[in-house]
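Here's data.cif, which has mmCIF, C-alpha atoms and all ligand atoms:
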```cif
data_coords
#
loop_
_atom_site.label_atom_id
_atom_site.label_comp_id
_atom_site.auth_asym_id
_atom_site.auth_seq_id
_atom_site.Cartn_x
_atom_site.Cartn_y
_atom_site.Cartn_z
CA MET A 6 0.00 0.00 0.00
CA ASN A 7 1.30 3.42 -0.96
CA MET A 8 1.30 5.58 2.17
CA THR A 9 3.25 8.46 0.64
CA CYS A 10 1.23 11.68 0.89
CA ILE A 11 1.39 14.07 -2.10
CA THR A 12 0.72 17.84 -2.08
CA THR A 13 0.85 19.80 -5.34
CA THR A 14 1.22 23.58 -5.59
CA PHE A 15 3.02 26.24 -7.66
CA LEU A 16 6.06 28.50 -7.27
CA ALA A 17 5.96 32.29 -7.79
CA ASP A 18 6.78 32.01 -11.50
CA GLY A 19 4.18 29.33 -12.14
CA ARG A 20 6.38 26.25 -11.95
CA GLU A 21 4.77 23.18 -10.42
CA ILE A 22 6.13 21.80 -7.13
CA LEU A 23 5.07 18.57 -5.47
CA TYR A 24 5.76 17.48 -1.89
CA PHE A 25 6.02 13.75 -1.28
CA ASP A 26 5.79 13.11 2.43
CA ASP A 27 6.89 9.97 4.23
CA ALA A 28 4.17 7.83 5.77
CA GLY A 29 3.43 9.34 9.16
CA THR A 30 4.39 12.95 8.31
CA ALA A 31 1.69 15.42 9.37
CA GLU A 32 -0.47 16.89 6.60
CA ARG A 33 0.66 20.22 5.12
CA ALA A 34 -1.22 23.47 5.59
CA PRO A 35 -1.44 25.07 2.10
CA GLU A 36 -0.79 28.57 3.48
CA SER A 37 2.60 27.36 4.76
CA LEU A 38 3.66 26.61 1.17
CA THR A 39 3.29 30.08 -0.42
CA ASP A 40 6.32 31.20 -2.43
CA HIS A 41 7.02 34.79 -1.31
CA ARG A 42 9.83 35.46 -3.78
CA GLU A 43 9.61 37.84 -6.71
CA LEU A 44 10.85 35.77 -9.61
CA PRO A 45 11.50 36.91 -13.17
CA VAL A 46 9.28 35.43 -15.84
CA ARG A 47 10.50 32.06 -16.97
CA PRO A 48 13.15 32.18 -19.70
CA ASP A 49 12.25 31.28 -23.27
CA PRO A 50 12.95 27.64 -24.00
CA GLY A 51 16.13 26.71 -25.77
CA GLN A 52 16.20 24.96 -29.11
CA LEU A 53 16.14 21.41 -30.29
CA ARG A 54 18.20 21.05 -33.44
CA PHE A 55 18.05 18.00 -35.67
CA ASP A 56 21.42 16.54 -36.62
CA ALA A 57 20.81 15.26 -40.14
CA LEU A 58 24.08 13.30 -40.14
CA SER A 59 23.10 11.04 -37.22
CA ARG A 60 19.35 11.68 -37.16
CA GLU A 61 19.65 12.59 -33.49
CA TRP A 62 18.35 15.64 -31.62
CA VAL A 63 20.62 18.08 -29.81
CA ALA A 64 19.27 20.50 -27.18
CA VAL A 65 20.83 23.97 -27.34
CA ALA A 66 20.10 25.79 -24.10
CA ALA A 67 22.25 28.91 -23.82
CA HIS A 68 20.17 30.27 -20.91
CA ARG A 69 21.48 27.46 -18.69
CA GLN A 70 24.87 29.21 -18.50
CA SER A 71 23.42 31.48 -15.79
CA ARG A 72 22.30 28.64 -13.52
CA THR A 73 23.42 28.33 -9.92
CA HIS A 74 26.86 26.77 -9.53
CA LEU A 75 28.01 25.24 -6.21
CA PRO A 76 26.46 27.90 -3.91
CA PRO A 77 27.52 28.05 -0.23
CA ALA A 78 25.27 26.09 2.15
CA ASP A 79 23.47 29.23 3.42
CA ARG A 80 22.46 30.11 -0.17
CA CYS A 81 21.44 26.60 -1.20
CA PRO A 82 18.36 26.81 -3.46
CA ILE A 83 16.94 23.43 -2.44
CA CYS A 84 17.22 23.58 1.33
CA PRO A 85 13.92 24.33 3.14
CA THR A 86 13.07 28.04 3.06
CA THR A 87 14.16 30.22 5.99
CA PRO A 88 13.62 33.98 6.46
CA ALA A 89 17.25 34.51 5.39
CA ASN A 90 17.20 32.15 2.41
CA LEU A 91 14.05 32.01 0.29
CA THR A 92 14.64 28.86 -1.71
CA GLU A 93 13.04 26.91 -4.53
CA ILE A 94 11.17 24.96 -1.86
CA PRO A 95 9.00 27.48 0.07
CA ALA A 96 8.36 25.24 3.05
CA PRO A 97 9.98 25.28 6.49
CA ASP A 98 10.58 21.54 6.14
CA TYR A 99 9.87 18.73 3.71
CA ASP A 100 10.62 15.05 3.14
CA VAL A 101 10.98 14.78 -0.66
CA ALA A 102 10.17 17.65 -3.05
CA VAL A 103 9.95 17.65 -6.85
CA PHE A 104 9.77 20.86 -8.86
CA GLU A 105 10.22 22.09 -12.42
CA ASN A 106 13.81 23.13 -13.09
CA ARG A 107 14.23 26.91 -13.26
CA PHE A 108 16.91 26.46 -15.94
CA PRO A 109 15.56 23.56 -17.97
CA SER A 110 17.22 22.00 -21.01
CA LEU A 111 13.71 21.02 -22.15
CA GLY A 112 10.43 22.87 -21.64
CA PRO A 113 8.38 24.26 -20.07
CA ALA A 114 6.06 23.83 -23.09
CA THR A 115 5.24 20.35 -24.30
CA SER A 116 4.17 19.43 -27.83
CA GLU A 117 4.87 17.07 -30.69
CA LEU A 118 8.09 17.50 -32.66
CA PRO A 119 7.97 18.33 -36.39
CA ALA A 120 7.22 15.31 -38.57
CA ALA A 121 9.44 16.32 -41.47
CA LEU A 122 13.10 16.14 -40.48
CA ALA A 123 16.00 17.40 -42.55
CA TRP A 124 19.16 19.47 -42.26
CA GLY A 125 18.24 22.78 -40.62
CA THR A 126 15.19 21.52 -38.74
CA SER A 127 14.89 23.16 -35.33
CA THR A 128 12.06 23.61 -32.87
CA PRO A 129 11.55 25.05 -29.38
CA ALA A 130 13.03 22.64 -26.83
CA VAL A 131 9.77 21.17 -25.61
CA GLY A 132 9.62 18.62 -22.80
CA ARG A 133 10.09 18.91 -19.08
CA CYS A 134 12.97 18.89 -16.61
CA GLU A 135 12.33 18.38 -12.93
CA VAL A 136 14.54 18.46 -9.84
CA VAL A 137 14.03 15.88 -7.09
CA ALA A 138 15.24 16.97 -3.64
CA PHE A 139 15.80 13.71 -1.77
CA THR A 140 16.02 15.19 1.72
CA PRO A 141 15.85 18.56 3.54
CA GLU A 142 19.38 17.86 4.87
CA HIS A 143 21.98 19.83 2.93
CA THR A 144 24.75 17.26 3.31
CA GLY A 145 24.87 13.51 3.05
CA SER A 146 24.07 11.19 0.20
CA PHE A 147 21.28 9.05 -1.18
CA ALA A 148 22.82 5.97 0.44
CA ASP A 149 22.24 7.53 3.87
CA LEU A 150 18.57 8.45 3.46
CA GLY A 151 17.30 5.41 5.33
CA TRP A 152 14.67 2.95 4.17
CA ARG A 153 11.54 5.07 4.77
CA ARG A 154 12.82 8.11 2.86
CA THR A 155 14.22 5.97 0.04
CA ARG A 156 10.81 4.36 -0.28
CA THR A 157 9.24 7.82 -0.57
CA VAL A 158 11.72 8.79 -3.30
CA ILE A 159 10.78 5.63 -5.23
CA ASP A 160 7.11 6.59 -4.96
CA ALA A 161 7.99 10.08 -6.20
CA TRP A 162 9.89 8.66 -9.21
CA ALA A 163 6.97 6.36 -9.99
CA HIS A 164 4.44 9.18 -9.68
CA ARG A 165 6.43 11.51 -11.90
CA THR A 166 7.05 8.76 -14.47
CA GLU A 167 3.32 8.21 -14.80
CA ALA A 168 2.39 11.91 -14.81
CA LEU A 169 5.12 13.00 -17.24
CA SER A 170 4.35 10.07 -19.56
CA ALA A 171 0.85 11.49 -19.93
CA LEU A 172 2.01 14.97 -21.09
CA PRO A 173 1.55 15.81 -24.80
CA GLY A 174 4.40 14.66 -27.01
CA ILE A 175 6.50 12.98 -24.31
CA ARG A 176 8.30 9.84 -25.60
CA GLN A 177 10.59 8.88 -22.74
CA VAL A 178 10.95 9.64 -19.01
CA PHE A 179 14.40 9.42 -17.45
CA PRO A 180 15.02 9.73 -13.68
CA PHE A 181 18.69 10.00 -12.76
CA GLU A 182 21.17 11.23 -10.20
CA ASN A 183 24.61 12.67 -10.85
CA ARG A 184 26.64 12.50 -7.66
CA GLY A 185 29.99 14.22 -7.17
CA ALA A 186 31.51 17.52 -8.27
CA GLU A 187 34.01 15.41 -10.27
CA ILE A 188 31.27 14.66 -12.79
CA GLY A 189 29.82 18.13 -13.03
CA VAL A 190 27.32 18.34 -10.17
CA THR A 191 26.46 22.00 -9.57
CA LEU A 192 24.65 21.64 -6.22
CA HIS A 193 25.93 19.69 -3.22
CA HIS A 194 22.47 19.14 -1.68
CA PRO A 195 21.43 15.50 -2.35
CA HIS A 196 19.16 15.66 -5.37
CA GLY A 197 18.35 14.00 -8.65
CA GLN A 198 16.62 15.00 -11.85
CA ILE A 199 13.96 13.76 -14.19
CA TYR A 200 14.00 14.49 -17.92
CA ALA A 201 10.86 13.97 -20.00
CA TYR A 202 12.01 13.93 -23.62
CA PRO A 203 9.86 14.68 -26.69
CA TYR A 204 11.83 12.00 -28.57
CA VAL A 205 13.35 8.59 -27.85
CA THR A 206 17.00 9.08 -26.86
CA PRO A 207 19.67 7.29 -28.94
CA ARG A 208 20.58 4.86 -26.15
CA ALA A 209 16.96 3.99 -25.39
CA ALA A 210 16.29 3.37 -29.09
CA VAL A 211 19.22 0.93 -29.31
CA LEU A 212 18.16 -0.94 -26.16
CA ALA A 213 14.52 -1.11 -27.26
CA ALA A 214 15.49 -2.41 -30.71
CA ALA A 215 17.63 -5.19 -29.21
CA ALA A 216 14.92 -6.13 -26.70
CA GLY A 217 12.21 -6.09 -29.36
CA ALA A 218 14.20 -8.25 -31.82
CA TYR A 219 14.88 -10.85 -29.11
CA PHE A 220 11.26 -10.86 -28.01
CA ASP A 221 10.04 -11.34 -31.58
CA ALA A 222 12.56 -14.11 -32.30
CA SER A 223 11.15 -16.05 -29.35
CA ASP A 224 7.59 -15.47 -30.58
CA GLY A 225 6.93 -13.40 -27.51
CA THR A 226 7.90 -16.11 -25.03
CA ALA A 227 11.19 -14.67 -23.71
CA THR A 228 12.64 -11.27 -22.95
CA LEU A 229 16.27 -10.33 -23.42
CA ALA A 230 16.55 -8.87 -19.93
CA ALA A 231 15.26 -12.05 -18.25
CA SER A 232 17.52 -14.25 -20.38
CA VAL A 233 20.59 -12.16 -19.56
CA LEU A 234 19.76 -12.21 -15.86
CA GLN A 235 19.36 -15.99 -15.95
CA ALA A 236 22.71 -16.36 -17.73
CA GLU A 237 24.44 -14.05 -15.25
CA ARG A 238 22.98 -15.96 -12.31
CA SER A 239 24.07 -19.33 -13.62
CA ASP A 240 27.56 -18.03 -14.41
CA GLY A 241 27.77 -16.20 -11.10
CA SER A 242 31.14 -14.50 -11.55
CA ARG A 243 29.63 -11.04 -12.09
CA MET A 244 26.70 -11.25 -9.65
CA VAL A 245 26.77 -8.67 -6.87
CA LEU A 246 23.55 -9.32 -4.96
CA GLU A 247 20.31 -11.26 -5.30
CA GLY A 248 17.00 -10.44 -3.66
CA GLU A 249 13.50 -11.80 -4.02
CA HIS A 250 12.41 -9.20 -6.60
CA PHE A 251 15.67 -7.62 -7.83
CA SER A 252 19.21 -8.73 -8.59
CA ALA A 253 22.36 -6.80 -9.44
CA TYR A 254 25.31 -7.76 -11.59
CA VAL A 255 28.24 -6.18 -13.36
CA PRO A 256 27.39 -6.56 -17.05
CA PHE A 257 29.45 -9.01 -19.13
CA ALA A 258 30.56 -6.16 -21.40
CA ALA A 259 30.69 -3.32 -18.87
CA ARG A 260 31.74 -0.02 -20.43
CA TRP A 261 32.79 1.84 -17.30
CA PRO A 262 35.45 1.10 -14.64
CA LEU A 263 32.54 0.72 -12.22
CA GLU A 264 29.21 -0.40 -13.65
CA VAL A 265 26.34 -2.36 -12.10
CA HIS A 266 22.88 -3.14 -13.42
CA LEU A 267 20.08 -3.58 -10.90
CA VAL A 268 17.20 -5.38 -12.61
CA PRO A 269 13.74 -6.50 -11.53
CA HIS A 270 12.97 -10.23 -11.79
CA ARG A 271 9.54 -9.45 -13.23
CA GLN A 272 9.47 -7.65 -16.56
CA VAL A 273 8.08 -4.17 -16.02
CA PRO A 274 8.42 -1.20 -18.38
CA ASP A 275 9.03 1.45 -15.74
CA LEU A 276 9.11 2.41 -12.08
CA ALA A 277 5.38 3.18 -12.07
CA ALA A 278 4.67 -0.50 -12.78
CA LEU A 279 6.51 -1.77 -9.68
CA SER A 280 4.36 -3.38 -6.98
CA GLY A 281 4.51 -2.29 -3.35
CA ALA A 282 6.58 -5.35 -2.42
CA GLU A 283 9.03 -4.62 -5.26
CA ARG A 284 9.40 -0.99 -4.17
CA ASP A 285 9.93 -2.11 -0.58
CA GLU A 286 12.83 -4.33 -1.60
CA LEU A 287 14.26 -1.77 -4.00
CA ALA A 288 14.43 0.69 -1.09
CA HIS A 289 16.89 -1.73 0.55
CA LEU A 290 18.91 -2.94 -2.42
CA TYR A 291 19.54 0.36 -4.18
CA PRO A 292 21.15 2.09 -1.17
CA ASP A 293 23.06 -1.15 -0.52
CA LEU A 294 24.65 -0.84 -3.98
CA LEU A 295 25.46 2.82 -3.42
CA ARG A 296 27.13 2.00 -0.12
CA ARG A 297 29.26 -0.61 -1.86
CA PHE A 298 30.41 1.98 -4.39
CA ASP A 299 31.40 4.26 -1.51
CA ALA A 300 33.18 1.43 0.36
CA LEU A 301 35.59 0.80 -2.52
CA TYR A 302 37.79 3.82 -1.82
CA PRO A 303 38.58 6.10 1.12
CA THR A 304 36.48 8.93 -0.34
CA PRO A 305 32.92 8.91 -1.79
CA THR A 306 32.73 7.61 -5.33
CA PRO A 307 31.20 9.92 -7.96
CA TYR A 308 28.48 8.12 -9.85
CA ILE A 309 25.68 8.38 -12.38
CA ALA A 310 22.55 6.46 -11.41
CA ALA A 311 20.46 6.12 -14.58
CA TRP A 312 16.98 4.60 -14.53
CA HIS A 313 16.36 3.11 -17.95
CA GLN A 314 12.64 2.94 -18.61
CA ALA A 315 10.85 1.69 -21.72
CA PRO A 316 10.10 4.48 -24.23
CA LEU A 317 6.42 5.33 -24.58
CA GLU A 318 6.19 4.23 -28.25
CA THR A 319 4.00 1.11 -28.24
CA GLU A 320 6.34 -0.94 -30.40
CA MET A 321 9.30 -0.09 -28.13
CA ARG A 322 7.40 -0.98 -24.99
CA ARG A 323 6.31 -4.57 -25.47
CA ALA A 324 9.70 -5.97 -24.47
CA GLY A 325 11.02 -2.94 -22.65
CA GLN A 326 12.58 -3.50 -19.31
CA LEU A 327 13.17 -1.20 -16.39
CA HIS A 328 16.70 -1.33 -15.02
CA LEU A 329 19.15 0.82 -13.13
CA GLN A 330 22.53 1.42 -14.71
CA LEU A 331 24.89 2.59 -11.98
CA THR A 332 28.23 3.75 -13.35
CA SER A 333 31.31 5.61 -12.19
CA PRO A 334 34.29 6.88 -14.18
CA ARG A 335 36.49 6.19 -11.14
CA ARG A 336 39.25 3.75 -12.01
CA ALA A 337 41.47 4.27 -8.97
CA ALA A 338 41.40 6.23 -5.71
CA ASP A 339 42.66 9.35 -7.48
CA LYS A 340 41.94 8.63 -11.14
CA LEU A 341 38.89 9.11 -13.33
CA LYS A 342 38.30 7.69 -16.78
CA TYR A 343 37.71 10.43 -19.33
CA LEU A 344 35.85 9.76 -22.52
CA ALA A 345 38.58 10.26 -25.09
CA GLY A 346 39.01 9.55 -28.78
CA SER A 347 37.53 6.09 -29.11
CA GLU A 348 34.65 6.62 -26.70
CA ALA A 349 33.80 10.27 -27.38
CA ALA A 350 34.20 10.22 -31.15
CA MET A 351 33.26 6.63 -32.00
CA GLY A 352 31.14 5.48 -29.04
CA ALA A 353 33.55 2.52 -28.84
CA PHE A 354 34.35 1.86 -25.18
CA ILE A 355 37.61 0.48 -23.85
CA ASN A 356 37.44 -0.66 -20.23
CA ASP A 357 40.72 -1.13 -18.36
CA ILE A 358 39.17 -3.19 -15.55
CA THR A 359 37.60 -6.62 -15.94
CA PRO A 360 33.92 -6.83 -14.99
CA GLU A 361 34.66 -9.97 -12.96
CA SER A 362 37.19 -8.18 -10.73
CA VAL A 363 34.76 -5.32 -10.14
CA ALA A 364 32.00 -7.76 -9.18
CA ALA A 365 34.35 -9.57 -6.78
CA ARG A 366 35.25 -6.28 -5.07
CA LEU A 367 31.61 -5.22 -4.80
CA ARG A 368 30.73 -8.58 -3.20
CA GLU A 369 33.70 -8.28 -0.87
CA VAL A 370 32.79 -4.81 0.41
CA GLY A 371 29.22 -6.07 0.88
CA SER A 372 30.20 -7.46 4.27
CA GLU A 373 31.51 -4.03 5.30
CA VAL A 374 28.20 -2.39 4.52
CA ALA A 375 26.12 -5.35 5.74
CA SER A 376 25.91 -4.05 9.29
CA GLU A 377 24.51 -0.73 8.06
CA VAL A 378 22.01 -2.61 5.90
CA ALA A 379 21.04 -4.85 8.83
CA SER A 380 20.33 -1.86 11.06
CA ASP A 381 18.42 -0.26 8.21
CA VAL A 382 16.29 -3.40 7.81
CA ALA A 383 15.74 -3.66 11.55
CA GLY A 384 14.29 -0.16 11.53
CA THR A 385 11.44 -1.06 9.20
CA THR A 386 8.53 -3.43 9.16
CA ALA A 387 8.91 -4.29 5.49
CA GLY A 388 12.50 -5.46 5.66
CA THR A 389 13.54 -7.97 3.05
CA ALA A 390 16.60 -10.02 3.81
CA THR A 391 19.08 -10.02 1.00
CA ARG A 392 22.19 -12.00 0.49
CA THR A 393 25.43 -11.23 -1.16
CA THR A 394 26.30 -13.91 -3.64
CA THR A 395 29.50 -15.76 -2.94
CA HIS A 396 30.27 -17.57 -6.16
CA THR A 397 33.95 -16.86 -5.89
CA ALA A 398 36.22 -16.26 -2.94
CA THR A 399 39.08 -14.93 -5.02
CA ARG A 400 40.35 -11.70 -3.62
CA THR A 401 40.87 -9.12 -6.31
CA THR A 402 41.66 -5.48 -6.52
CA LEU A 403 40.59 -2.78 -8.92
CA THR A 404 43.73 -2.41 -10.96
CA PRO A 405 44.04 -2.20 -14.71
CA GLU A 406 44.56 -5.62 -16.22
CA GLY A 407 45.95 -6.56 -19.57
CA ALA A 408 45.40 -3.18 -21.19
CA PRO A 409 48.18 -0.86 -22.24
CA ALA A 410 47.94 2.67 -20.92
ZN ZN B 501 20.78 22.53 0.67
#
```

Here is the file; what I need is its structure written in the form of structure tokens.
Ligand SMILES: [Zn+2]
Amino acid sequence: MNMTCITTTFLADGREILYFDDAGTAERAPESLTDHRELPVRPDPGQLRFDALSREWVAVAAHRQSRTHLPPADRCPICPTTPANLTEIPAPDYDVAVFENRFPSLGPATSELPAALAWGTSTPAVGRCEVVAFTPEHTGSFADLGWRRTRTVIDAWAHRTEALSALPGIRQVFPFENRGAEIGVTLHHPHGQIYAYPYVTPRAAVLAAAAGAYFDASDGTATLAASVLQAERSDGSRMVLEGEHFSAYVPFAARWPLEVHLVPHRQVPDLAALSGAERDELAHLYPDLLRRFDALYPTPTPYIAAWHQAPLETEMRRAGQLHLQLTSPRRAADKLKYLAGSEAAMGAFINDITPESVAARLREVGSEVASEVASDVAGTTAGTATRTTTHTATRTTLTPEGAPA
């Protein structure tokens, strides 16, 4: 049962803001949510330009250059509002808040894209970009939210996926979190984003085509995601954890020095389709994975947490599979992988670390974070015991193997 309480209102410039409150939080008085700021009218949207050479869209959003960049804590725009700091969230406190980005790459208008595409085609950058504030606390990380708050964030993602999917012209909804100044984060306060695109992104199109072809070849009896999960489980060398509803593994052909896929056992197109029991378990397993990333090195690991959801085109949805792709460019305590010639120009990845050694390390550090997970589970009524797979006891380290510098 979904106990998350939702309150919807608007900011001074007309942007929508939604409060998702943990089960048990007192109801909000609407008058306590008034935005008392004087805000300029919202900027004109940027442009979407069609690249005729690749048939891909590129968003050109020059107005984003003026967006807030690493403000001091007392000027943070997503902390709760105080008399001294009127923020984007005009409430004295909140649990999880979602609001339209003041400096969006896409939107605020939504509509269909032009049908005729050729060199020179451009259109206002329609779509929607939202910010998800995970917690009123300015410091910390997603991994530390605790089970109850994580569960509320999952409900917020699911709610926004469903609502944004229903907007005119939207083709794909993408919740994600960039964590770490090393990968371009401009606000320290724990937060994520949701992009609702008016087109299917290149990566989603490739994944949907592969999933659809596999599904058709089996006459609709098997999905690619389920077959890959089964193969990974029987091999075992790249498994990281297995639950009742979700499992995580390092993909056979991982692109990044650190990469894990967290996949549901049941085929669902998106987060909105997850059952209550699945969300309950996800609220344990996802932070568990994040803690493992942070346990690998003495300092927090920058990461990109990308929720792949099936595009909204009917033919791309029949075999579409929700999964989390958690990646980090970190290849050593003090080294990041940069996308250089082969990756940036050709999209051809070269990974200096074997997926099997990464999986072994992530299993190994699982015992270090297990006590935190255990206390987390003990603090809830919906705790789902999970186990770290132990297919191999080989101790390995994250060092480049077999690849010239
Ligand atoms: Zn803050």

Which residues form the shell of 9 Å around ligand ZN 501 (chain B) when you count only C-alpha atoms and all ligand atoms, given as a list of chain:residue names? A:Pro77, A:Ala78, A:Asp79, A:Arg80, A:Cys81, A:Pro82, A:Ile83, A:Cys84, A:Pro85, A:Ala138, A:Thr140, A:Pro141, A:Glu142, A:His143, A:Thr144, A:Leu192, A:His193, A:His194, A:Pro195

Using only C-alpha atoms, find the one residue out of A:Asp299, A:Glu283, A:Asp27, A:Glu32 that sits nearest to A:Ala161. A:Asp27

Can you list, as a ChimeraX atom specification, every protein, DNA or RNA residue that comes within 8 Å of A:Leu327 when you count all atoms listed in the file, leaving out same-chain residues fewer than 6 positions away? /A:268-269,272-276,312-315

For stretch 7-18 of chain A, list every protein, DNA or RNA residue within 10 Å, evaluated using all atoms listed in the file, and leave out those in the same chain fewer than 2 positions away; present the list as a JSON list (two decimals) with C-alpha atoms, in the frame of the given file.
```
[["chain", "number", "residue", "atom", "x", "y", "z"],
["A", 20, "ARG", "CA", 6.38, 26.25, -11.95],
["A", 21, "GLU", "CA", 4.77, 23.18, -10.42],
["A", 22, "ILE", "CA", 6.13, 21.80, -7.13],
["A", 23, "LEU", "CA", 5.07, 18.57, -5.47],
["A", 24, "TYR", "CA", 5.76, 17.48, -1.89],
["A", 25, "PHE", "CA", 6.02, 13.75, -1.28],
["A", 26, "ASP", "CA", 5.79, 13.11, 2.43],
["A", 27, "ASP", "CA", 6.89, 9.97, 4.23],
["A", 28, "ALA", "CA", 4.17, 7.83, 5.77],
["A", 29, "GLY", "CA", 3.43, 9.34, 9.16],
["A", 30, "THR", "CA", 4.39, 12.95, 8.31],
["A", 31, "ALA", "CA", 1.69, 15.42, 9.37],
["A", 32, "GLU", "CA", -0.47, 16.89, 6.60],
["A", 33, "ARG", "CA", 0.66, 20.22, 5.12],
["A", 34, "ALA", "CA", -1.22, 23.47, 5.59],
["A", 35, "PRO", "CA", -1.44, 25.07, 2.10],
["A", 38, "LEU", "CA", 3.66, 26.61, 1.17],
["A", 39, "THR", "CA", 3.29, 30.08, -0.42],
["A", 40, "ASP", "CA", 6.32, 31.20, -2.43],
["A", 41, "HIS", "CA", 7.02, 34.79, -1.31],
["A", 42, "ARG", "CA", 9.83, 35.46, -3.78],
["A", 43, "GLU", "CA", 9.61, 37.84, -6.71],
["A", 44, "LEU", "CA", 10.85, 35.77, -9.61],
["A", 45, "PRO", "CA", 11.50, 36.91, -13.17],
["A", 46, "VAL", "CA", 9.28, 35.43, -15.84],
["A", 47, "ARG", "CA", 10.50, 32.06, -16.97],
["A", 93, "GLU", "CA", 13.04, 26.91, -4.53],
["A", 94, "ILE", "CA", 11.17, 24.96, -1.86],
["A", 95, "PRO", "CA", 9.00, 27.48, 0.07],
["A", 101, "VAL", "CA", 10.98, 14.78, -0.66],
["A", 102, "ALA", "CA", 10.17, 17.65, -3.05],
["A", 103, "VAL", "CA", 9.95, 17.65, -6.85],
["A", 104, "PHE", "CA", 9.77, 20.86, -8.86],
["A", 105, "GLU", "CA", 10.22, 22.09, -12.42],
["A", 107, "ARG", "CA", 14.23, 26.91, -13.26],
["A", 153, "ARG", "CA", 11.54, 5.07, 4.77],
["A", 154, "ARG", "CA", 12.82, 8.11, 2.86],
["A", 156, "ARG", "CA", 10.81, 4.36, -0.28],
["A", 157, "THR", "CA", 9.24, 7.82, -0.57],
["A", 158, "VAL", "CA", 11.72, 8.79, -3.30],
["A", 159, "ILE", "CA", 10.78, 5.63, -5.23],
["A", 160, "ASP", "CA", 7.11, 6.59, -4.96],
["A", 161, "ALA", "CA", 7.99, 10.08, -6.20],
["A", 164, "HIS", "CA", 4.44, 9.18, -9.68],
["A", 280, "SER", "CA", 4.36, -3.38, -6.98],
["A", 281, "GLY", "CA", 4.51, -2.29, -3.35],
["A", 284, "ARG", "CA", 9.40, -0.99, -4.17]]
```

What is the distance, in Å and to one decimal place, between atom CA of A:Arg322 and atom CA of A:Glu182?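 Taking atom CA of A:Arg322 and atom CA of A:Glu182, their separation equals 23.6 Å.
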
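Our summary of the geometry notes that atom CA of A:Ala186 is positioned 22.4 Å from atom CA of A:Thr155.
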
At a cut-off of 12 Å, can you tabulate as CSV every residue of stretch 94-203 of chain A near stretch 337-342 of chain A together with its closest atom pair and the distance in Å to one decimal, using all atoms listed in the file and ordering rows by chain then number?
```
residue,atom,partner,partner_atom,distance
A:Gly185,CA,A:Leu341,CA,12.0
A:Glu187,CA,A:Leu341,CA,8.5
A:Ile188,CA,A:Leu341,CA,9.4
```

Have a look at A:Gly241, A:His74, A:Ala282, A:Ala123 and name the one nearest to A:Ser59; count all atoms listed in the file.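 The closest residue to A:Ser59 is A:Ala123.
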
Compile the contact shell of A:Pro360 as a CSV table (one decimal) with C-alpha atoms, in the frame of the given file: residues with an atom at most 8 Å away, counting all atoms listed in the file, same-chain residues fewer than 6 positions apart removed.
```csv
chain,number,residue,atom,x,y,z
A,243,ARG,CA,29.6,-11.0,-12.1
A,255,VAL,CA,28.2,-6.2,-13.4
A,256,PRO,CA,27.4,-6.6,-17.0
A,257,PHE,CA,29.4,-9.0,-19.1
A,258,ALA,CA,30.6,-6.2,-21.4
A,259,ALA,CA,30.7,-3.3,-18.9
```

Could you jot down the atom CA of A:Thr319 to atom CA of A:Ala120 separation for me, Å, one decimal place? 17.9 Å

From the options A:Val190, A:Ala57, A:Ala121, A:Ile309, which residue's atoms come nearest to A:Thr332, counting all atoms listed in the file?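 With all atoms listed in the file as the atom set, the closest residue is A:Ile309.
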
Report as an mmCIF file with C-alpha atoms, in the coordinates of the input all protein, DNA and RNA residues lying within 12 Å of A:Ala218, evaluated on all atoms listed in the file, omitting residues in the same chain fewer than 6 positions from it.
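The resulting file, around.cif, is reproduced below:
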```
data_model
loop_
_atom_site.group_PDB
_atom_site.id
_atom_site.type_symbol
_atom_site.label_atom_id
_atom_site.label_comp_id
_atom_site.auth_asym_id
_atom_site.auth_seq_id
_atom_site.Cartn_x
_atom_site.Cartn_y
_atom_site.Cartn_z
ATOM 1 C CA VAL A 211 19.220 0.930 -29.310
ATOM 2 C CA LEU A 212 18.160 -0.940 -26.160
ATOM 3 C CA ASP A 224 7.590 -15.470 -30.580
ATOM 4 C CA GLY A 225 6.930 -13.400 -27.510
ATOM 5 C CA ALA A 227 11.190 -14.670 -23.710
ATOM 6 C CA THR A 228 12.640 -11.270 -22.950
ATOM 7 C CA LEU A 229 16.270 -10.330 -23.420
ATOM 8 C CA GLU A 320 6.340 -0.940 -30.400
ATOM 9 C CA MET A 321 9.300 -0.090 -28.130
ATOM 10 C CA ARG A 323 6.310 -4.570 -25.470
ATOM 11 C CA ALA A 324 9.700 -5.970 -24.470
ATOM 12 C CA GLY A 325 11.020 -2.940 -22.650
#
```

Which one of A:Leu169, A:Val233, A:Ala288, A:Leu111 sits closest to A:His68 if you count all atoms listed in the file?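 Looking at the shortest contact to A:His68, the residue is A:Leu111.
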
Find the residues near A:Tyr308: any atom within 12 Å, counting only C-alpha atoms, skip ones fewer than 6 places away on the same chain, and give them as a PyMOL selection string. chain A and resi 146-148+181-190+197+261-265+294-299+330-336+341

Within 8 Å of stretch 203-210 of chain A, which residues of stretch 50-165 of chain A come that close, and what is the closest atom pair and distance in Å for each? Count all atoms listed in the file and give it as CSV.
```
residue,atom,partner,partner_atom,distance
A:Glu61,CA,A:Pro207,CA,7.0
A:Thr115,CA,A:Pro203,CA,7.7
A:Ser116,CA,A:Pro203,CA,7.5
A:Glu117,CA,A:Pro203,CA,6.8
A:Leu118,CA,A:Pro203,CA,6.8
A:Val131,CA,A:Pro203,CA,6.6
A:Gly132,CA,A:Pro203,CA,5.5
```

Would you export the selected residues with C-alpha atoms as a compact mmCIF listing (two decimals), keeping the file's coordinate frame, please?
```txt
# COMPACT_ATOMS: atom_id res chain seq x y z
CA GLU A 61 19.65 12.59 -33.49
CA THR A 115 5.24 20.35 -24.30
CA SER A 116 4.17 19.43 -27.83
CA GLU A 117 4.87 17.07 -30.69
CA LEU A 118 8.09 17.50 -32.66
CA VAL A 131 9.77 21.17 -25.61
CA GLY A 132 9.62 18.62 -22.80
```
